[in-house]
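With TSV, C-alpha atoms inside, this is query.tsv:
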chain	number	residue	atom	x	y	z
J	1	MET	CA	0.00	0.00	0.00
J	2	THR	CA	1.14	3.55	-0.62
J	3	THR	CA	1.70	5.95	2.26
J	4	GLU	CA	-1.44	7.86	1.21
J	5	GLU	CA	-3.55	4.70	1.34
J	6	LEU	CA	-2.08	3.77	4.72
J	7	LYS	CA	-2.85	7.23	6.10
J	8	ASN	CA	-6.52	6.80	5.17
J	9	LEU	CA	-6.66	3.33	6.67
J	10	LYS	CA	-8.64	2.86	9.86
J	11	SER	CA	-6.90	0.55	12.34
J	12	ASN	CA	-8.92	-1.65	14.65
J	13	SER	CA	-6.19	-1.52	17.26
J	14	ILE	CA	-2.93	0.25	17.96
J	15	VAL	CA	-0.03	-1.37	19.78
J	16	ASP	CA	2.42	1.17	21.12
J	17	ALA	CA	5.82	-0.50	21.56
J	18	ARG	CA	7.83	2.70	21.38
J	19	GLY	CA	10.77	2.77	23.75
J	20	THR	CA	11.17	-1.00	23.89
J	21	ALA	CA	14.09	-2.83	22.31
J	22	CYS	CA	14.23	-6.23	20.60
J	23	PRO	CA	12.27	-8.45	21.23
J	24	GLY	CA	9.80	-5.96	22.81
J	25	PRO	CA	7.94	-4.85	19.65
J	26	LEU	CA	7.64	-8.42	18.37
J	27	LEU	CA	6.23	-9.61	21.70
J	28	ALA	CA	3.84	-6.63	21.76
J	29	ALA	CA	2.70	-7.55	18.23
J	30	LYS	CA	2.16	-11.16	19.26
J	31	LYS	CA	0.09	-10.04	22.26
J	32	GLY	CA	-1.89	-7.51	20.22
J	33	ILE	CA	-2.77	-9.90	17.40
J	34	GLY	CA	-4.46	-12.17	19.92
J	35	GLU	CA	-6.87	-9.38	20.80
J	36	ILE	CA	-8.25	-8.67	17.31
J	37	ASN	CA	-10.30	-10.73	14.88
J	38	SER	CA	-9.32	-12.16	11.54
J	39	GLY	CA	-9.41	-9.53	8.79
J	40	GLU	CA	-8.98	-6.65	11.23
J	41	ILE	CA	-6.13	-4.18	10.98
J	42	MET	CA	-3.49	-3.62	13.62
J	43	GLU	CA	-0.99	-0.81	13.80
J	44	ILE	CA	2.31	-1.11	15.66
J	45	TYR	CA	4.32	1.91	16.82
J	46	SER	CA	8.00	1.18	17.19
J	47	SER	CA	11.11	3.28	17.65
J	48	ASP	CA	13.34	0.24	17.15
J	49	GLU	CA	14.97	0.16	13.68
J	50	GLY	CA	15.03	-3.63	13.52
J	51	THR	CA	11.26	-3.88	13.85
J	52	LYS	CA	10.87	-2.74	10.24
J	53	HIS	CA	12.61	-5.93	9.11
J	54	ASP	CA	11.24	-8.20	11.82
J	55	ILE	CA	7.51	-7.53	11.58
J	56	PRO	CA	7.20	-8.18	7.80
J	57	LYS	CA	9.12	-11.46	8.27
J	58	TRP	CA	6.92	-12.43	11.21
J	59	CYS	CA	3.78	-11.61	9.20
J	60	GLN	CA	4.97	-13.84	6.37
J	61	LYS	CA	5.47	-16.78	8.72
J	62	MET	CA	2.20	-16.21	10.58
J	63	THR	CA	0.37	-15.57	7.26
J	64	HIS	CA	-0.81	-12.11	8.33
J	65	GLU	CA	-0.83	-9.56	5.54
J	66	PHE	CA	1.80	-6.86	5.99
J	67	LEU	CA	0.39	-3.64	4.60
J	68	GLY	CA	3.27	-1.17	4.92
J	69	ILE	CA	5.06	1.44	6.99
J	70	ILE	CA	4.53	5.13	7.68
J	71	GLU	CA	7.66	6.88	8.94
J	72	GLU	CA	7.12	9.47	11.64
J	73	ASP	CA	9.83	11.70	13.13
J	74	SER	CA	11.10	9.41	15.85
J	75	TYR	CA	9.22	6.17	15.20
J	76	SER	CA	7.56	4.01	12.55
J	77	ARG	CA	3.93	2.94	12.19
J	78	LEU	CA	3.62	-0.58	10.84
J	79	PHE	CA	0.31	-1.85	9.49
J	80	LEU	CA	-0.87	-5.40	9.19
J	81	LYS	CA	-4.07	-7.33	8.59
J	82	LYS	CA	-4.72	-10.42	10.71
J	83	ALA	CA	-5.04	-13.69	8.80
W	84	MET	CA	3.41	-47.16	-17.41
W	85	ASN	CA	0.69	-45.16	-15.65
W	86	MET	CA	0.55	-47.64	-12.85
W	87	GLU	CA	4.29	-47.32	-12.35
W	88	LEU	CA	3.95	-43.51	-12.10
W	89	ASP	CA	1.04	-43.81	-9.67
W	90	LYS	CA	3.10	-46.08	-7.48
W	91	GLN	CA	6.03	-43.67	-7.47
W	92	LEU	CA	3.71	-40.76	-6.73
W	93	GLN	CA	2.20	-42.62	-3.81
W	94	GLU	CA	5.66	-43.40	-2.45
W	95	LEU	CA	6.70	-39.75	-2.72
W	96	LYS	CA	3.53	-38.60	-0.99
W	97	GLU	CA	4.25	-40.92	1.89
W	98	ARG	CA	7.84	-39.72	2.18
W	99	VAL	CA	6.83	-36.04	2.17
W	100	GLU	CA	4.21	-36.72	4.80
W	101	LYS	CA	6.81	-38.45	6.96
W	102	LEU	CA	9.16	-35.48	6.62
W	103	GLU	CA	6.44	-33.01	7.46
W	104	THR	CA	5.17	-34.76	10.54
W	105	GLY	CA	8.58	-35.82	11.86
W	106	THR	CA	9.34	-32.41	13.35
W	107	LYS	CA	7.09	-29.96	15.14
W	108	ASP	CA	7.19	-26.19	15.12
W	109	GLN	CA	9.45	-26.43	18.12
W	110	ILE	CA	12.86	-25.19	19.23
W	111	SER	CA	15.09	-26.89	21.79
W	112	MET	CA	18.03	-25.28	23.47
W	113	VAL	CA	20.70	-26.45	25.85
W	114	VAL	CA	21.47	-23.49	28.08
W	115	PHE	CA	24.85	-24.38	29.56
W	116	SER	CA	26.58	-21.05	30.07
W	117	GLY	CA	26.19	-19.10	33.29
W	118	ASP	CA	27.08	-15.81	31.58
W	119	LEU	CA	24.66	-12.92	31.59
W	120	ASP	CA	25.07	-12.15	27.89
W	121	LYS	CA	24.62	-15.74	26.74
W	122	ILE	CA	21.56	-16.41	28.88
W	123	LEU	CA	20.07	-13.13	27.65
W	124	ALA	CA	20.61	-14.30	24.06
W	125	ALA	CA	18.92	-17.62	24.86
W	126	LEU	CA	15.91	-15.81	26.34
W	127	ILE	CA	15.59	-13.33	23.47
W	128	ILE	CA	15.57	-16.21	20.97
W	129	SER	CA	13.09	-18.12	23.17
W	130	THR	CA	10.60	-15.31	23.56
W	131	GLY	CA	10.96	-14.44	19.88
W	132	ALA	CA	10.25	-18.07	18.95
W	133	ALA	CA	7.18	-17.98	21.21
W	134	ALA	CA	5.97	-14.97	19.21
W	135	TYR	CA	6.29	-17.23	16.16
W	136	ASP	CA	3.91	-19.63	17.94
W	137	MET	CA	6.72	-22.16	18.28
W	138	LYS	CA	6.94	-24.42	21.28
W	139	VAL	CA	10.10	-23.62	23.20
W	140	LYS	CA	11.93	-26.13	25.38
W	141	LEU	CA	14.97	-25.00	27.34
W	142	PHE	CA	17.29	-27.48	29.00
W	143	PHE	CA	19.26	-25.72	31.74
W	144	THR	CA	22.42	-27.49	32.73
W	145	PHE	CA	25.67	-26.74	34.60
W	146	TRP	CA	26.53	-23.06	35.17
W	147	ALA	CA	23.27	-21.80	33.69
W	148	ILE	CA	21.29	-23.22	36.61
W	149	SER	CA	22.67	-20.48	38.90
W	150	ALA	CA	20.55	-17.98	36.97
W	151	LEU	CA	17.42	-19.85	38.07
W	152	ARG	CA	18.16	-19.50	41.79
W	153	ASP	CA	15.85	-17.33	43.82
W	154	PRO	CA	18.01	-15.09	46.07
W	155	LYS	CA	15.23	-15.04	48.66
W	156	LYS	CA	15.09	-18.80	49.00
W	157	ASP	CA	17.42	-21.32	50.62
W	158	GLY	CA	17.90	-25.00	49.97
W	159	LYS	CA	17.58	-27.18	53.04
W	160	GLY	CA	19.69	-30.09	54.21
W	161	LYS	CA	22.92	-29.21	52.39
W	162	ASN	CA	26.27	-30.68	53.37
W	163	LEU	CA	29.40	-28.56	53.77
W	164	MET	CA	30.52	-28.93	50.14
W	165	GLU	CA	27.08	-28.08	48.84
W	166	LYS	CA	26.91	-25.03	51.09
W	167	MET	CA	30.30	-23.89	49.77
W	168	PHE	CA	29.19	-24.30	46.18
W	169	GLY	CA	26.03	-22.41	46.96
W	170	MET	CA	28.05	-19.54	48.37
W	171	MET	CA	30.50	-19.37	45.48
W	172	LEU	CA	27.98	-19.55	42.63
W	173	PRO	CA	25.80	-16.57	41.64
W	174	ARG	CA	22.52	-16.36	43.54
W	175	GLY	CA	20.11	-15.76	40.69
W	176	ALA	CA	19.72	-13.89	37.40
W	177	GLY	CA	20.62	-10.60	39.03
W	178	LYS	CA	24.06	-11.89	40.00
W	179	VAL	CA	25.37	-13.56	36.85
W	180	LYS	CA	28.28	-11.87	35.07
W	181	LEU	CA	29.32	-10.94	31.55
W	182	SER	CA	31.39	-13.48	29.62
W	183	ASN	CA	33.77	-10.73	28.50
W	184	MET	CA	34.86	-7.42	29.97
W	185	ASN	CA	33.52	-8.24	33.42
W	186	MET	CA	36.46	-6.36	34.99
W	187	GLY	CA	35.72	-7.45	38.53
W	188	GLY	CA	32.04	-6.70	38.16
W	189	MET	CA	32.50	-3.18	36.76
W	190	GLY	CA	31.76	-4.25	33.18
W	191	THR	CA	28.61	-6.10	34.24
W	192	ALA	CA	27.35	-3.08	36.18
W	193	MET	CA	28.10	-0.86	33.17
W	194	ILE	CA	26.28	-3.09	30.69
W	195	LYS	CA	23.24	-3.22	32.97
W	196	GLY	CA	23.18	0.59	32.95
W	197	ILE	CA	23.45	0.64	29.15
W	198	MET	CA	20.74	-2.00	28.82
W	199	LYS	CA	18.42	0.15	30.92
W	200	LYS	CA	19.20	3.21	28.81
W	201	HIS	CA	18.41	1.29	25.60
W	202	LYS	CA	15.29	-0.17	27.22
W	203	VAL	CA	16.59	-3.73	26.87
W	204	ALA	CA	14.77	-5.94	29.36
W	205	SER	CA	16.81	-7.29	32.27
W	206	LEU	CA	17.41	-11.01	32.67
W	207	GLU	CA	14.84	-11.18	35.50
W	208	GLU	CA	12.21	-9.48	33.31
W	209	MET	CA	13.02	-11.82	30.42
W	210	PHE	CA	12.47	-14.89	32.61
W	211	LYS	CA	9.09	-13.48	33.64
W	212	THR	CA	8.09	-12.82	30.01
W	213	ALA	CA	9.30	-16.28	28.96
W	214	GLY	CA	7.13	-17.83	31.67
W	215	GLU	CA	4.09	-15.87	30.52
W	216	LEU	CA	4.67	-17.00	26.95
W	217	GLY	CA	4.79	-20.65	27.96
W	218	VAL	CA	8.51	-21.21	27.41
W	219	GLU	CA	9.25	-24.51	29.13
W	220	ILE	CA	12.30	-24.78	31.39
W	221	ASN	CA	13.75	-28.18	32.18
W	222	ILE	CA	16.62	-28.41	34.64
W	223	CYS	CA	19.22	-31.14	34.49
W	224	GLU	CA	18.93	-33.12	37.69
W	225	MET	CA	22.49	-34.42	37.55
W	226	SER	CA	23.96	-30.88	37.39
W	227	MET	CA	21.70	-29.78	40.22
W	228	ASN	CA	23.00	-32.60	42.38
W	229	LEU	CA	26.62	-31.82	41.46
W	230	MET	CA	26.25	-28.22	42.53
W	231	GLY	CA	24.10	-29.07	45.50
W	232	PHE	CA	21.14	-27.01	44.31
W	233	LYS	CA	17.70	-27.90	45.66
W	234	LYS	CA	14.43	-27.51	43.82
W	235	GLU	CA	13.04	-25.29	46.58
W	236	GLU	CA	15.70	-22.61	45.98
W	237	MET	CA	14.72	-22.14	42.31
W	238	ILE	CA	12.55	-19.25	41.10
W	239	ASP	CA	8.78	-19.65	40.83
W	240	TYR	CA	8.38	-20.41	37.16
W	241	PRO	CA	5.37	-21.93	35.43
W	242	GLY	CA	6.31	-25.08	33.59
W	243	MET	CA	9.62	-25.86	35.26
W	244	ASN	CA	10.66	-29.50	35.51
W	245	ILE	CA	13.64	-31.37	36.85
W	246	CYS	CA	14.71	-34.03	34.40
W	247	GLY	CA	17.50	-35.83	32.58
W	248	VAL	CA	19.18	-35.99	29.20
W	249	ALA	CA	16.45	-38.17	27.71
W	250	THR	CA	13.98	-35.30	28.03
W	251	PHE	CA	16.32	-33.05	26.07
W	252	LEU	CA	16.92	-35.70	23.41
W	253	SER	CA	13.22	-36.40	22.88
W	254	ASP	CA	12.48	-32.67	22.68
W	255	ALA	CA	15.44	-32.00	20.37
W	256	GLN	CA	14.58	-34.87	18.09
W	257	GLU	CA	11.19	-33.46	17.26
W	258	SER	CA	12.36	-29.84	17.04
W	259	LYS	CA	13.13	-27.93	13.88
W	260	ILE	CA	15.84	-25.90	15.58
W	261	GLN	CA	18.34	-27.07	18.18
W	262	LEU	CA	20.85	-24.77	19.82
W	263	PHE	CA	23.58	-25.05	22.44
W	264	ILE	CA	24.31	-21.86	24.33
Take the structure in this file and express it as structure tokens.
Amino acid sequence: MTTEELKNLKSNSIVDARGTACPGPLLAAKKGIGEINSGEIMEIYSSDEGTKHDIPKWCQKMTHEFLGIIEEDSYSRLFLKKA
Amino acid sequence: MNMELDKQLQELKERVEKLETGTKDQISMVVFSGDLDKILAALIISTGAAAYDMKVKLFFTFWAISALRDPKKDGKGKNLMEKMFGMMLPRGAGKVKLSNMNMGGMGTAMIKGIMKKHKVASLEEMFKTAGELGVEINICEMSMNLMGFKKEEMIDYPGMNICGVATFLSDAQESKIQLFI
């Protein structure tokens, strides 16, 4: 998805993992995904650089659809759709 | 000709099925080292694997067992040698040292400060998270006896067992990933 499309997307839940280091954001994502339904959209906030590589890989393995990233000043917003 | 192909296809199907069901989505680790950095690595991999919905089985043996001691608890009925071992070995995850650059404890204190600054979870916090995620900890009974550790001086951890090498081997055999740390 393009940044524009992502900006217009409505997330069903937001997981704020800013300030945590590896494996914090991944564990937060794992916890958060358990709280939403299939087909719903989750957004993860992370200030950890590695998360941008980790979450897409995790999505692939868990068959969730990774939608993309919006870069903010000091963190990233990662979007995914639960399988 | 067709029958021959069908037979081969059937054989292949059976072999693939055998390969697929032979291992589970599971990771087994021998945690041997009693060093702060190595145990931290083991726990980061473990909790990460749990996030991948993998079953995680840790086999704690030798020096690593010190990290599972609860500093508030004491083992009863120890002989002199066991008491001495207990005194010399680190009392829990908060007391284990770095494998390099320990510098009489200065390096370990420094890295703990840096970890805090970078919001890296402490070893104690990682054990708590691992427990919540269902990471299984098995402790080698033989090592425990050697060092004179008692079960009652170990931390409260859900899913902790005392066992032997056969447990590790059965777990490792059906795991996709096996590590020795």
With a cut-off of 9 Å and counting only C-alpha atoms, select all residues of chain J in contact with chain W and give the selection as a PyMOL selection string.
chain J and resi 19-24+26-31+58+61-62
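Of note, atom CA of W:Met230 and atom CA of W:Ile264 are spaced 19.4 Å apart.
The shortest atom-to-atom distance to W:Cys223, with only C-alpha atoms taken into account, belongs to W:Ala249 out of W:Ala249, W:Gly190, W:Leu163, W:Lys90.
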Which residues are near stretch 232-241 of chain W? Cut-off 6 Å, all atoms listed in the file, ignore same chain within fewer than 2 positions. Put them as a PyMOL selection string.
chain W and resi 151-153+156-158+214+227+230+243
Take the point (22.4, -11.8, 42.8) in the file's coordinates, draw a sphere of radius 9 Å around it, and report as number ranges by chain every protein, DNA or RNA residue with an atom inside or on it, counting only C-alpha atoms.
W: 150, 152-154, 173-179
From the set J:Pro25, J:Lys82, J:Leu9, J:Glu4, which residue has the shortest atom-to-atom contact distance to J:Ser46, counting only C-alpha atoms?
J:Pro25
So the first atom is atom CA of W:Asn185 and the second is atom CA of W:Gly117; what is the distance between them in Å, to one decimal place?
13.1 Å
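A distance cut-off of 12 Å around (-7.1, 4.2, 8.6), counting all atoms listed in the file, selects these protein and nucleic acid residues: Met1, Thr3, Glu4, Glu5, Leu6, Lys7, Asn8, Leu9, Lys10, Ser11, Asn12, Ser13, Ile14, Glu40, Ile41, Met42, Glu43, Leu67, Ile70, Arg77, Leu78, Phe79, Leu80 and Lys81 of chain J.
The two atoms in question, atom CA of W:Thr106 and atom CA of J:Asp54, are spaced 24.3 Å apart.
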Would you list the contacts of W:Glu165 as number ranges by chain, taking every protein, DNA or RNA residue within 7 Å and counting only C-alpha atoms, but skipping same-chain residues closer than 3 positions in sequence?
W: 161-162, 168-169, 230-231
Measuring atom to atom with all atoms listed in the file, identify which of W:Ala147, W:Gln93, W:Ile260, W:Lys138 is nearest to W:Leu119.
W:Ala147
Residues near W:Asp108, cut-off 7 Å, only C-alpha atoms, skip fewer than 3 positions along chain, as a PyMOL selection string:
chain W and resi 137-138+258-259
Residue contacts of W:Phe263 (10 Å, all atoms listed in the file) excluding same-chain residues fewer than 5 positions away, as a tab-separated table (two decimals) with C-alpha atoms, keeping the file's coordinate frame:
chain	number	residue	atom	x	y	z
W	111	SER	CA	15.09	-26.89	21.79
W	112	MET	CA	18.03	-25.28	23.47
W	113	VAL	CA	20.70	-26.45	25.85
W	114	VAL	CA	21.47	-23.49	28.08
W	115	PHE	CA	24.85	-24.38	29.56
W	116	SER	CA	26.58	-21.05	30.07
W	125	ALA	CA	18.92	-17.62	24.86
W	141	LEU	CA	14.97	-25.00	27.34
W	142	PHE	CA	17.29	-27.48	29.00
